[in-house]
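Data from coords.cif: mmCIF, C-alpha atoms and all ligand atoms
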```
data_structure
loop_
_atom_site.label_atom_id
_atom_site.label_comp_id
_atom_site.auth_asym_id
_atom_site.auth_seq_id
_atom_site.Cartn_x
_atom_site.Cartn_y
_atom_site.Cartn_z
CA MET A 1 222.31 38.61 38.09
CA ARG A 2 220.00 37.14 35.48
CA THR A 3 219.28 33.56 34.46
CA GLN A 4 216.50 31.61 32.79
CA VAL A 5 215.64 29.29 35.70
CA ALA A 6 216.46 30.09 39.32
CA ILE A 7 216.57 26.87 41.34
CA ILE A 8 216.11 27.11 45.09
CA GLY A 9 217.87 24.25 46.91
CA ALA A 10 220.82 21.98 46.05
CA GLY A 11 219.27 18.72 47.20
CA PRO A 12 218.72 15.89 44.72
CA ALA A 13 215.78 17.70 43.04
CA GLY A 14 217.61 21.00 42.51
CA LEU A 15 220.89 19.43 41.38
CA LEU A 16 219.20 16.99 38.99
CA LEU A 17 217.06 19.74 37.45
CA GLY A 18 220.16 21.92 37.10
CA ALA A 19 222.01 19.08 35.35
CA LEU A 20 219.17 18.42 32.89
CA LEU A 21 218.70 22.13 32.10
CA GLY A 22 222.44 22.65 31.75
CA LYS A 23 222.73 19.77 29.30
CA ALA A 24 219.88 21.25 27.22
CA GLY A 25 221.62 24.64 27.16
CA ILE A 26 219.06 26.32 29.43
CA GLY A 27 220.65 28.79 31.84
CA ASN A 28 220.17 28.12 35.55
CA VAL A 29 221.55 29.18 38.90
CA ILE A 30 221.12 27.17 42.11
CA VAL A 31 220.70 29.09 45.36
CA GLU A 32 221.31 26.91 48.43
CA ARG A 33 220.96 27.95 52.08
CA SER A 34 223.56 25.54 53.48
CA SER A 35 227.17 24.72 52.66
CA ALA A 36 227.96 21.91 50.21
CA ALA A 37 229.52 19.94 53.08
CA HIS A 38 226.33 20.21 55.13
CA VAL A 39 224.17 19.07 52.21
CA LEU A 40 226.47 16.05 51.79
CA SER A 41 226.39 15.19 55.49
CA ARG A 42 222.66 14.40 55.50
CA ILE A 43 222.08 10.66 55.45
CA ARG A 44 218.75 9.90 53.86
CA ALA A 45 217.40 7.70 51.07
CA GLY A 46 219.12 4.70 49.54
CA VAL A 47 216.81 2.92 47.08
CA LEU A 48 216.67 4.21 43.50
CA GLU A 49 213.95 3.30 41.01
CA GLN A 50 214.92 2.52 37.42
CA GLY A 51 213.47 5.88 36.26
CA THR A 52 215.76 7.75 38.67
CA VAL A 53 218.79 5.75 37.53
CA ASP A 54 217.90 6.46 33.89
CA LEU A 55 217.67 10.21 34.57
CA LEU A 56 221.09 10.18 36.28
CA ARG A 57 222.52 8.27 33.31
CA SER A 58 221.01 10.79 30.88
CA VAL A 59 223.04 13.60 32.48
CA GLY A 60 226.24 11.54 32.63
CA CYS A 61 226.12 11.15 36.42
CA ALA A 62 225.93 7.39 36.71
CA THR A 63 229.51 6.16 36.27
CA ARG A 64 230.02 5.49 39.98
CA LEU A 65 226.38 4.44 40.41
CA ASP A 66 226.78 1.81 37.67
CA ALA A 67 230.03 0.60 39.21
CA GLU A 68 229.07 0.64 42.90
CA GLY A 69 225.23 0.53 43.02
CA LEU A 70 223.75 -2.76 44.20
CA ILE A 71 221.02 -4.21 41.98
CA HIS A 72 218.23 -5.67 44.12
CA GLU A 73 215.81 -8.09 42.48
CA GLY A 74 213.71 -8.75 45.57
CA ILE A 75 212.83 -7.76 49.13
CA ASP A 76 212.05 -9.85 52.20
CA LEU A 77 209.03 -9.32 54.40
CA ALA A 78 209.54 -10.66 57.95
CA PHE A 79 206.62 -11.75 60.10
CA ASP A 80 205.64 -14.83 62.09
CA ASP A 81 209.33 -15.45 62.84
CA SER A 82 210.25 -16.08 59.22
CA LEU A 83 211.32 -14.31 56.03
CA HIS A 84 209.02 -14.24 52.99
CA ARG A 85 210.71 -13.12 49.77
CA VAL A 86 208.92 -11.06 47.14
CA ASP A 87 210.65 -11.41 43.79
CA LEU A 88 210.43 -7.89 42.37
CA LYS A 89 212.00 -8.74 39.03
CA GLN A 90 209.60 -11.61 38.40
CA HIS A 91 206.53 -9.64 39.44
CA ALA A 92 207.41 -6.28 37.88
CA GLY A 93 208.17 -7.30 34.31
CA GLY A 94 211.93 -7.59 34.80
CA ARG A 95 212.38 -4.25 36.54
CA VAL A 96 214.55 -3.95 39.68
CA VAL A 97 215.81 -1.27 42.09
CA THR A 98 219.36 -0.03 42.76
CA VAL A 99 220.72 0.57 46.25
CA TYR A 100 222.95 3.67 46.13
CA GLY A 101 222.92 6.32 48.86
CA GLN A 102 221.37 9.75 48.42
CA THR A 103 224.64 11.24 49.66
CA GLU A 104 226.47 9.58 46.77
CA VAL A 105 223.83 10.74 44.24
CA THR A 106 224.24 14.28 45.58
CA ARG A 107 228.04 14.08 45.47
CA ASP A 108 228.02 12.86 41.84
CA LEU A 109 225.62 15.64 40.80
CA MET A 110 227.67 18.28 42.65
CA ASP A 111 230.91 17.11 41.02
CA ALA A 112 229.32 17.20 37.57
CA ARG A 113 227.96 20.68 38.24
CA SER A 114 231.35 22.03 39.32
CA ALA A 115 232.85 20.61 36.12
CA SER A 116 230.08 22.13 33.97
CA GLY A 117 230.72 25.64 35.23
CA HIS A 118 227.07 26.33 36.10
CA SER A 119 226.69 28.56 39.10
CA THR A 120 225.68 27.28 42.54
CA ILE A 121 225.54 29.77 45.38
CA TYR A 122 225.99 27.95 48.68
CA GLU A 123 225.37 29.53 52.09
CA ALA A 124 222.88 32.01 50.62
CA ALA A 125 221.25 33.85 53.54
CA ASP A 126 217.71 35.21 53.83
CA VAL A 127 216.50 33.82 50.52
CA THR A 128 213.20 35.43 49.45
CA LEU A 129 211.03 35.01 46.35
CA HIS A 130 209.39 37.96 44.56
CA GLY A 131 207.15 38.69 41.59
CA ILE A 132 206.09 35.08 41.11
CA ASP A 133 202.91 36.19 39.31
CA ALA A 134 204.75 37.64 36.33
CA SER A 135 208.36 38.92 36.71
CA PRO A 136 210.07 36.67 39.22
CA TYR A 137 213.31 37.28 41.05
CA VAL A 138 215.10 35.80 44.04
CA ALA A 139 216.80 37.98 46.63
CA PHE A 140 219.45 36.74 49.08
CA ARG A 141 222.73 37.65 50.73
CA SER A 142 225.96 35.98 49.65
CA ASP A 143 229.22 36.82 51.44
CA ARG A 144 227.37 39.72 53.10
CA VAL A 145 226.46 41.20 49.70
CA ASP A 146 222.80 41.65 48.73
CA VAL A 147 222.04 39.86 45.47
CA ARG A 148 219.03 40.05 43.17
CA LEU A 149 218.66 37.17 40.71
CA ASP A 150 216.14 37.90 37.94
CA CYS A 151 214.77 34.94 36.02
CA ASP A 152 211.97 33.61 33.81
CA PHE A 153 210.97 30.86 36.25
CA ILE A 154 211.68 29.74 39.80
CA ALA A 155 211.95 26.03 40.63
CA GLY A 156 211.24 25.55 44.35
CA CYS A 157 213.41 22.49 45.14
CA ASP A 158 214.07 23.51 48.74
CA GLY A 159 212.52 20.65 50.67
CA PHE A 160 209.72 20.54 53.21
CA HIS A 161 211.02 23.41 55.37
CA GLY A 162 212.09 25.62 52.46
CA VAL A 163 211.00 29.12 51.58
CA SER A 164 209.28 28.40 48.24
CA ARG A 165 206.04 26.83 49.44
CA GLN A 166 205.97 29.23 52.38
CA SER A 167 206.11 32.21 49.99
CA LEU A 168 202.65 31.35 48.69
CA PRO A 169 199.54 32.81 50.26
CA ALA A 170 197.86 30.14 52.39
CA ALA A 171 194.66 30.44 50.36
CA ALA A 172 196.54 29.49 47.17
CA LEU A 173 197.34 26.00 48.40
CA ARG A 174 195.29 23.03 49.45
CA VAL A 175 197.20 20.91 51.95
CA PHE A 176 196.59 17.22 52.72
CA GLU A 177 198.45 15.81 55.70
CA ARG A 178 198.74 12.79 57.97
CA VAL A 179 201.27 12.78 60.79
CA TYR A 180 202.06 9.31 62.16
CA PRO A 181 202.40 8.79 65.93
CA PHE A 182 205.87 7.27 65.54
CA GLY A 183 209.25 7.81 63.90
CA TRP A 184 212.19 5.75 62.70
CA LEU A 185 215.39 5.56 64.71
CA GLY A 186 218.10 4.91 62.12
CA LEU A 187 221.62 3.59 62.71
CA MET A 188 224.44 3.54 60.16
CA ALA A 189 227.44 1.28 60.75
CA ASP A 190 230.47 0.16 58.77
CA LEU A 191 229.53 -3.47 59.15
CA PRO A 192 228.36 -6.07 56.61
CA PRO A 193 224.55 -6.08 56.20
CA VAL A 194 222.64 -9.01 57.68
CA ASN A 195 221.05 -9.85 54.32
CA ASP A 196 221.74 -9.33 50.61
CA GLU A 197 218.28 -7.77 50.17
CA LEU A 198 216.23 -5.36 52.30
CA ILE A 199 214.18 -6.90 55.12
CA TYR A 200 210.94 -5.14 56.11
CA ALA A 201 209.92 -6.60 59.48
CA ARG A 202 206.49 -6.43 61.10
CA HIS A 203 206.64 -7.32 64.80
CA SER A 204 204.35 -6.80 67.79
CA ARG A 205 207.09 -4.51 69.28
CA GLY A 206 207.05 -2.40 66.12
CA PHE A 207 208.51 -2.18 62.64
CA ALA A 208 212.18 -2.74 61.75
CA LEU A 209 214.07 -2.35 58.48
CA CYS A 210 217.41 -3.90 57.53
CA SER A 211 218.92 -1.91 54.70
CA MET A 212 222.40 -1.10 53.45
CA ARG A 213 224.47 1.35 51.44
CA SER A 214 227.20 -1.08 50.29
CA PRO A 215 228.43 -4.61 51.10
CA ALA A 216 230.41 -3.03 53.96
CA ARG A 217 227.93 -0.42 55.24
CA SER A 218 224.62 -1.27 56.93
CA ARG A 219 221.63 0.97 57.57
CA TYR A 220 219.08 -0.27 60.10
CA TYR A 221 215.90 1.29 61.47
CA VAL A 222 213.49 0.55 64.31
CA GLN A 223 210.10 2.18 64.82
CA VAL A 224 210.11 4.36 67.94
CA ASP A 225 207.71 6.75 69.60
CA ALA A 226 207.67 10.15 67.87
CA SER A 227 209.02 11.78 71.05
CA GLU A 228 212.21 9.63 71.20
CA HIS A 229 215.70 11.16 70.79
CA ALA A 230 218.61 9.32 69.15
CA GLU A 231 221.03 10.39 71.90
CA ASP A 232 218.96 8.46 74.46
CA TRP A 233 219.73 5.21 72.65
CA SER A 234 223.08 3.47 73.13
CA ASP A 235 224.28 1.34 70.23
CA ASP A 236 223.76 -1.78 72.35
CA GLN A 237 220.14 -0.83 73.10
CA PHE A 238 219.55 -0.32 69.39
CA TRP A 239 221.05 -3.69 68.41
CA ASP A 240 219.03 -5.48 71.10
CA GLU A 241 215.79 -3.87 69.96
CA LEU A 242 216.50 -4.57 66.30
CA ARG A 243 217.23 -8.24 66.96
CA ARG A 244 214.05 -8.67 69.02
CA ARG A 245 211.99 -7.60 66.00
CA LEU A 246 213.64 -9.95 63.48
CA PRO A 247 213.06 -13.67 62.98
CA GLU A 248 215.32 -15.58 65.40
CA ALA A 249 217.52 -17.06 62.66
CA THR A 250 218.01 -13.64 61.06
CA ALA A 251 218.68 -11.92 64.40
CA ALA A 252 221.44 -14.43 65.10
CA ARG A 253 223.21 -13.33 61.89
CA VAL A 254 223.24 -9.56 62.64
CA THR A 255 226.80 -8.25 62.92
CA THR A 256 226.85 -5.54 65.59
CA GLY A 257 229.43 -2.86 66.31
CA PRO A 258 229.84 0.88 66.80
CA SER A 259 227.52 3.20 64.85
CA ILE A 260 228.77 6.05 62.69
CA GLU A 261 225.41 7.87 62.80
CA LYS A 262 222.09 7.65 64.64
CA SER A 263 219.05 9.85 64.07
CA VAL A 264 215.27 9.88 64.44
CA ALA A 265 213.09 10.74 61.42
CA ALA A 266 209.43 11.66 61.91
CA LEU A 267 206.92 9.98 59.60
CA ARG A 268 204.51 12.15 57.65
CA SER A 269 202.33 12.06 54.56
CA PHE A 270 201.87 15.51 53.04
CA VAL A 271 200.77 16.96 49.70
CA ALA A 272 200.38 20.64 48.77
CA GLU A 273 198.30 21.33 45.66
CA PRO A 274 198.80 22.78 43.09
CA MET A 275 202.51 22.44 42.40
CA ARG A 276 202.56 25.54 40.19
CA PHE A 277 201.79 29.11 41.14
CA GLY A 278 202.45 31.69 38.41
CA GLN A 279 206.14 31.37 37.47
CA LEU A 280 206.97 29.26 40.55
CA PHE A 281 207.06 25.46 40.29
CA LEU A 282 207.38 23.26 43.38
CA CYS A 283 209.45 20.07 43.07
CA GLY A 284 210.19 17.17 45.43
CA ASP A 285 209.86 17.51 49.20
CA ALA A 286 208.87 21.18 48.81
CA ALA A 287 205.48 19.93 47.60
CA HIS A 288 205.08 16.50 49.17
CA ILE A 289 206.40 14.13 51.81
CA VAL A 290 205.92 10.39 52.11
CA PRO A 291 206.79 8.12 55.02
CA PRO A 292 210.03 6.36 53.97
CA THR A 293 208.53 2.85 54.14
CA GLY A 294 208.04 2.60 50.36
CA ALA A 295 211.44 4.25 49.55
CA LYS A 296 209.65 6.83 47.41
CA GLY A 297 210.77 10.32 48.60
CA LEU A 298 213.90 10.75 46.51
CA ASN A 299 212.33 8.94 43.55
CA LEU A 300 209.31 11.25 43.57
CA ALA A 301 211.65 14.25 43.54
CA ALA A 302 213.25 12.73 40.42
CA SER A 303 209.92 12.21 38.63
CA ASP A 304 208.82 15.81 39.40
CA VAL A 305 212.12 17.01 37.94
CA HIS A 306 211.55 14.89 34.84
CA TYR A 307 208.11 16.49 34.26
CA LEU A 308 209.36 20.01 34.96
CA PHE A 309 212.42 19.66 32.76
CA ASP A 310 210.27 18.34 29.90
CA ALA A 311 207.97 21.35 30.27
CA LEU A 312 210.79 23.91 30.44
CA ARG A 313 212.57 22.37 27.44
CA GLU A 314 209.30 22.52 25.48
CA PHE A 315 208.89 26.17 26.47
CA TYR A 316 212.39 27.25 25.40
CA GLU A 317 212.80 25.00 22.35
CA GLU A 318 209.26 24.87 20.97
CA LYS A 319 207.86 28.12 22.40
CA SER A 320 204.95 26.17 23.90
CA ALA A 321 203.65 26.64 27.45
CA ALA A 322 201.46 23.51 27.28
CA GLY A 323 203.88 21.40 29.35
CA LEU A 324 204.19 24.11 32.00
CA ASP A 325 200.41 24.37 32.21
CA ALA A 326 200.13 20.59 32.61
CA TYR A 327 203.04 20.21 35.09
CA SER A 328 201.06 20.25 38.31
CA THR A 329 198.42 17.78 37.10
CA ARG A 330 201.00 15.39 35.61
CA ALA A 331 203.23 15.43 38.67
CA LEU A 332 200.39 15.13 41.19
CA ALA A 333 198.92 12.07 39.44
CA ARG A 334 202.15 10.19 40.15
CA VAL A 335 202.66 11.79 43.58
CA TRP A 336 199.29 10.56 44.84
CA LYS A 337 199.97 6.99 43.70
CA ALA A 338 203.24 7.04 45.63
CA GLU A 339 201.46 8.60 48.63
CA ARG A 340 198.96 5.73 48.56
CA PHE A 341 201.67 3.08 48.29
CA SER A 342 203.82 4.61 51.05
CA TRP A 343 200.81 4.95 53.36
CA TRP A 344 199.79 1.33 52.64
CA MET A 345 203.30 -0.08 53.28
CA THR A 346 203.41 1.92 56.51
CA SER A 347 199.98 0.73 57.63
CA ILE A 348 200.65 -2.99 57.17
CA LEU A 349 204.08 -3.01 58.84
CA HIS A 350 203.96 -0.60 61.80
CA ARG A 351 202.48 -0.91 65.24
CA PHE A 352 199.76 1.74 65.69
CA PRO A 353 198.81 2.74 69.25
CA ASP A 354 195.10 2.16 68.60
CA GLN A 355 195.21 -0.93 66.39
CA GLY A 356 194.25 -3.48 69.04
CA GLU A 357 194.20 -7.23 68.48
CA PHE A 358 191.79 -6.86 65.56
CA GLY A 359 194.20 -4.54 63.78
CA GLU A 360 197.11 -6.94 64.43
CA ARG A 361 195.20 -9.86 62.90
CA LEU A 362 194.33 -7.75 59.86
CA GLN A 363 198.00 -6.88 59.36
CA LEU A 364 199.06 -10.53 59.58
CA SER A 365 196.31 -11.62 57.26
CA GLU A 366 197.30 -8.91 54.77
CA LEU A 367 200.94 -10.05 54.86
CA ASP A 368 199.91 -13.70 54.51
CA TYR A 369 197.78 -12.80 51.49
CA LEU A 370 200.51 -10.61 50.07
CA THR A 371 203.13 -13.34 50.15
CA HIS A 372 200.87 -16.05 48.71
CA SER A 373 198.98 -14.24 45.97
CA GLU A 374 200.71 -13.63 42.63
CA ALA A 375 198.38 -10.68 42.00
CA ALA A 376 199.17 -9.07 45.36
CA MET A 377 202.92 -9.56 44.90
CA SER A 378 202.66 -7.97 41.44
CA ALA A 379 200.85 -4.95 42.92
CA LEU A 380 203.59 -4.55 45.54
CA ALA A 381 206.41 -5.10 43.06
CA GLU A 382 205.24 -2.69 40.34
CA ASN A 383 204.83 0.09 42.90
CA TYR A 384 208.10 -0.67 44.72
CA VAL A 385 210.22 -0.61 41.54
CA GLY A 386 208.38 2.58 40.56
CA LEU A 387 205.41 3.36 38.36
CA PRO A 388 206.35 4.71 34.92
CA PHE A 389 207.09 8.45 34.64
C1 LIG A 401 215.87 11.72 57.90
C2 LIG A 401 215.32 11.40 56.54
C3 LIG A 401 215.41 10.08 56.05
C4 LIG A 401 214.91 9.76 54.79
N1 LIG A 401 215.00 8.49 54.33
C5 LIG A 401 214.52 8.20 53.09
C6 LIG A 401 214.57 6.89 52.56
O1 LIG A 401 215.08 5.97 53.20
N2 LIG A 401 214.06 6.67 51.31
C7 LIG A 401 213.53 7.69 50.55
O2 LIG A 401 213.12 7.49 49.40
N3 LIG A 401 213.45 8.92 51.03
C8 LIG A 401 213.93 9.19 52.27
N4 LIG A 401 213.86 10.44 52.73
C9 LIG A 401 213.29 11.43 51.86
C10 LIG A 401 214.31 11.92 50.82
O3 LIG A 401 215.55 12.10 51.43
C11 LIG A 401 213.75 13.20 50.25
O4 LIG A 401 212.52 12.90 49.63
C12 LIG A 401 214.70 13.88 49.25
O5 LIG A 401 215.81 14.40 49.92
C13 LIG A 401 213.95 15.00 48.54
O6 LIG A 401 214.85 15.76 47.79
P1 LIG A 401 214.60 17.31 47.58
O7 LIG A 401 215.73 17.75 46.73
O8 LIG A 401 213.22 17.53 47.15
O9 LIG A 401 214.70 17.98 49.03
P2 LIG A 401 215.96 18.09 50.10
O10 LIG A 401 216.80 16.88 49.92
O11 LIG A 401 215.31 18.37 51.37
O12 LIG A 401 216.76 19.31 49.53
C14 LIG A 401 216.30 20.63 49.71
C15 LIG A 401 217.49 21.57 49.72
O13 LIG A 401 217.01 22.91 49.83
C16 LIG A 401 217.79 23.61 50.77
N5 LIG A 401 216.98 24.71 51.35
C17 LIG A 401 216.04 24.66 52.31
N6 LIG A 401 215.53 25.86 52.57
C18 LIG A 401 216.16 26.72 51.73
C19 LIG A 401 216.08 28.11 51.54
N7 LIG A 401 215.25 28.86 52.25
N8 LIG A 401 216.85 28.66 50.60
C20 LIG A 401 217.73 27.92 49.86
N9 LIG A 401 217.87 26.58 50.02
C21 LIG A 401 217.08 26.00 50.96
C22 LIG A 401 218.16 22.58 51.80
O14 LIG A 401 219.32 22.96 52.54
C23 LIG A 401 218.40 21.35 50.92
O15 LIG A 401 219.73 21.26 50.50
C24 LIG A 401 214.33 10.79 54.00
C25 LIG A 401 214.23 12.08 54.49
C26 LIG A 401 214.72 12.40 55.75
C27 LIG A 401 214.58 13.81 56.27
#
```

So that I can check it, write out the structure of this file as structure tokens.
Amino acid sequence: MRTQVAIIGAGPAGLLLGALLGKAGIGNVIVERSSAAHVLSRIRAGVLEQGTVDLLRSVGCATRLDAEGLIHEGIDLAFDDSLHRVDLKQHAGGRVVTVYGQTEVTRDLMDARSASGHSTIYEAADVTLHGIDASPYVAFRSDRVDVRLDCDFIAGCDGFHGVSRQSLPAAALRVFERVYPFGWLGLMADLPPVNDELIYARHSRGFALCSMRSPARSRYYVQVDASEHAEDWSDDQFWDELRRRLPEATAARVTTGPSIEKSVAALRSFVAEPMRFGQLFLCGDAAHIVPPTGAKGLNLAASDVHYLFDALREFYEEKSAAGLDAYSTRALARVWKAERFSWWMTSILHRFPDQGEFGERLQLSELDYLTHSEAAMSALAENYVGLPF
């Protein structure tokens, strides 16, 4: 097989890049390790920045998003037994975020890809990358047949555990990493959310987040020790712990019931530099991870895709490699700002084992400042709604 761009991974990064390239008439094939059903079963992000929504609109994949996505103009910070609203729209020049699940984004992109006729190879086994210095190709097995896919470029959109970054010699990459000593236990339930907007709660027992996917589907999280397992938590234990961490009046309004999913996600900050190596370009979680506190992971994948698509379009349409040469620097400038914001949100809201009483007072003072200073609320809001691409 031969194509112009071989895309590894059919997560949001790979599917969005495929949609943009396809629309521009640039040939691409997506090679995905898992089945489509498995990709769709992963419950992850839910908050989309305006830039991400605009990209989805530009490829005609926003009909359902525009109809069903929930526009959020603010968030609530909970501490000292009360809610403190930050008006995002007011403090971020009119910009807002849209709540629409990653699963739905993925489904919309997959449906559009099937309709477009571009090739996606699901359940590709033993995917390996070759010749990334000059003449790249991807090898894999599909239906027990060995396949070689020659291409001009490889886009490594295969997430943190994918093969793309791991194909590079260790000496070629500089890695920056912080692993947090806790995770998030998440619970999804077909129950009305406790609040119209997200609540980020700081409590001496640990962080909690009240989120949602729709007016009828809630997504809640509580900070747990990194060693915890979801199966050790009954739904009742989860609801009790969540309510303990919320202001009393809010806790009293939580509608509880059976979960449809529970899982623990580890928290990590990670960046691998550079994001280009020869003809291989890393995109999204393949190159960087943020703790989910700032809702940035999926949105960063989208901004990487935007930069890479721009560069590839310039290469094919204008015969210029300038954008490709600049890709890593452009993408990393935005990545690091999101890394900083996600780390900061995590550090002011979570309970750290070594923070002590001094650390607790600093957190409370930071939150007090944050909710009373116009300048501080603007800094939070412009980062939360997403810095410009
Ligand atoms: C449990 C969890 C909860 C999260 N919650 C949030 C949140 O609330 N907010 C937020 O913004 N972000 C969240 N994130 C992060 C967000 O989901 C990711 O940033 C986003 O999925 C990145 O998209 P991606 O396409 O880069 O990678 P992925 O979504 O990881 O997609 C990579 C794809 O590559 C495929 N793949 C892997 N290896 C190979 C291989 N060898 N060959 C071929 N294909 C391969 C995978 O099967 C997968 O389909 C969460 C992540 C996790 C894990």

Got a sec: who's within 9 Å of range 103-116 of chain A, counting all atoms listed in the file, leaving out chain neighbours fewer than 3 positions off, as an mmCIF file with C-alpha atoms, in the frame of the given file?
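File produced: part10.cif:
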```cif
data_model
loop_
_atom_site.group_PDB
_atom_site.id
_atom_site.type_symbol
_atom_site.label_atom_id
_atom_site.label_comp_id
_atom_site.auth_asym_id
_atom_site.auth_seq_id
_atom_site.Cartn_x
_atom_site.Cartn_y
_atom_site.Cartn_z
ATOM 1 C CA ALA A 10 220.820 21.980 46.050
ATOM 2 C CA GLY A 11 219.270 18.720 47.200
ATOM 3 C CA PRO A 12 218.720 15.890 44.720
ATOM 4 C CA LEU A 15 220.890 19.430 41.380
ATOM 5 C CA LEU A 16 219.200 16.990 38.990
ATOM 6 C CA GLY A 18 220.160 21.920 37.100
ATOM 7 C CA ALA A 19 222.010 19.080 35.350
ATOM 8 C CA GLY A 22 222.440 22.650 31.750
ATOM 9 C CA ALA A 36 227.960 21.910 50.210
ATOM 10 C CA VAL A 39 224.170 19.070 52.210
ATOM 11 C CA LEU A 40 226.470 16.050 51.790
ATOM 12 C CA SER A 41 226.390 15.190 55.490
ATOM 13 C CA ARG A 42 222.660 14.400 55.500
ATOM 14 C CA ILE A 43 222.080 10.660 55.450
ATOM 15 C CA ARG A 44 218.750 9.900 53.860
ATOM 16 C CA ALA A 45 217.400 7.700 51.070
ATOM 17 C CA GLY A 46 219.120 4.700 49.540
ATOM 18 C CA LEU A 56 221.090 10.180 36.280
ATOM 19 C CA VAL A 59 223.040 13.600 32.480
ATOM 20 C CA GLY A 60 226.240 11.540 32.630
ATOM 21 C CA CYS A 61 226.120 11.150 36.420
ATOM 22 C CA ALA A 62 225.930 7.390 36.710
ATOM 23 C CA THR A 63 229.510 6.160 36.270
ATOM 24 C CA ARG A 64 230.020 5.490 39.980
ATOM 25 C CA LEU A 65 226.380 4.440 40.410
ATOM 26 C CA TYR A 100 222.950 3.670 46.130
ATOM 27 C CA SER A 119 226.690 28.560 39.100
ATOM 28 C CA THR A 120 225.680 27.280 42.540
#
```

- Item | Distance criterion (all atoms listed in the file): nearest to Ile289 in chain A out of A:His118, A:His161, A:His350, A:Arg33 | A:His161

- Task: May I ask which of the residues A:Leu21, A:Leu191, A:Val53, A:Leu267 is the closest one to ligand LIG 401 (chain A), counting only C-alpha atoms and all ligand atoms?
- Result: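 Ranking A:Leu21, A:Leu191, A:Val53, A:Leu267 by distance to ligand LIG 401 (chain A), first place goes to A:Leu267.
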
- With a distance cut-off of 8 Å and all atoms listed in the file, select the neighbouring residues of Phe270 in chain A, excluding the residue or stretch itself and same-chain residues fewer than 6 positions from it, and output the selection as a ChimeraX atom specification. /A:175-178,287-290

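Excluding Ser34 in chain A itself and same-chain residues fewer than 2 positions from it, the residues having an atom within 8 Å of it are Glu32, Ala36, His38, Val39, Tyr122, Glu123 and Ala124 of chain A, counting all atoms listed in the file.
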
Taking all atoms of ligand LIG 401 (chain A) that appear in the file, build a box with edges along x, y and z, extend it by 5 Å on every side, and state its centre and edge lengths in Å to one decimal, as JSON.
```
{"center_x": 216.1, "center_y": 17.4, "center_z": 52.3, "size_x": 17.2, "size_y": 32.9, "size_z": 21.2}
```

- For ligand LIG 401 (chain A), the nearest of the candidates A:Cys151, A:Leu387, A:Val99, A:Ala13, counting all atoms listed in the file: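 The answer is A:Ala13, which sits nearest to ligand LIG 401 (chain A).
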
- Item | Surrounding residues of Asp240 in chain A excluding itself and chain neighbours under 6 positions, 12 Å, all atoms listed in the file, as a VMD selection string | chain A and resid 208 222 233 to 234 246 251 to 252 254 to 257

Put those residues in a file: C-alpha atoms, as an mmCIF file, in the coordinates of the input.
```cif
data_model
loop_
_atom_site.group_PDB
_atom_site.id
_atom_site.type_symbol
_atom_site.label_atom_id
_atom_site.label_comp_id
_atom_site.auth_asym_id
_atom_site.auth_seq_id
_atom_site.Cartn_x
_atom_site.Cartn_y
_atom_site.Cartn_z
ATOM 1 C CA ALA A 208 212.180 -2.740 61.750
ATOM 2 C CA VAL A 222 213.490 0.550 64.310
ATOM 3 C CA TRP A 233 219.730 5.210 72.650
ATOM 4 C CA SER A 234 223.080 3.470 73.130
ATOM 5 C CA LEU A 246 213.640 -9.950 63.480
ATOM 6 C CA ALA A 251 218.680 -11.920 64.400
ATOM 7 C CA ALA A 252 221.440 -14.430 65.100
ATOM 8 C CA VAL A 254 223.240 -9.560 62.640
ATOM 9 C CA THR A 255 226.800 -8.250 62.920
ATOM 10 C CA THR A 256 226.850 -5.540 65.590
ATOM 11 C CA GLY A 257 229.430 -2.860 66.310
#
```

- range 329-344 of chain A: which residues within 10 Å, counting only C-alpha atoms, same-chain residues fewer than 3 positions away excluded, as number ranges by chain? A: 178, 180, 268-276, 283-284, 287-297, 299-301, 303-308, 323-326, 347-349, 379-380, 383-384, 386-389

- Task: Provide the CA of Ser373 in chain A to CA of His203 in chain A distance in Å, to one decimal place.
- Result: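 For CA of Ser373 in chain A relative to CA of His203 in chain A, the distance reads 21.5 Å.
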
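Using all atoms listed in the file, the shortest contact distance between ligand LIG 401 (chain A) and any of A:Glu241, A:Asp285, A:Asp232, A:Asp150 is found at A:Asp285.
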
- Item | Top pick for closest residue to ligand LIG 401 (chain A), considering A:Ala311, A:Val224, A:Ile8, A:Ile199 and counting only C-alpha atoms and all ligand atoms | A:Ile8

- Message: Quick check, in Å to one decimal: how far apart do CA of Val264 in chain A and atom C7 of ligand LIG 401 (chain A) lie?
- Response: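 Atom C7 of ligand LIG 401 (chain A) lies at a distance of 14.2 Å from CA of Val264 in chain A.
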
- Which of A:His229, A:Arg165, A:Arg245, A:Arg213 sits closest to Phe79 in chain A [using only C-alpha atoms]: A:Arg245

- Task: Kindly give the distance, in Å, that separates atom C12 of ligand LIG 401 (chain A) and CA of Gln102 in chain A, rounded to a single decimal.
- Result: 7.9 Å
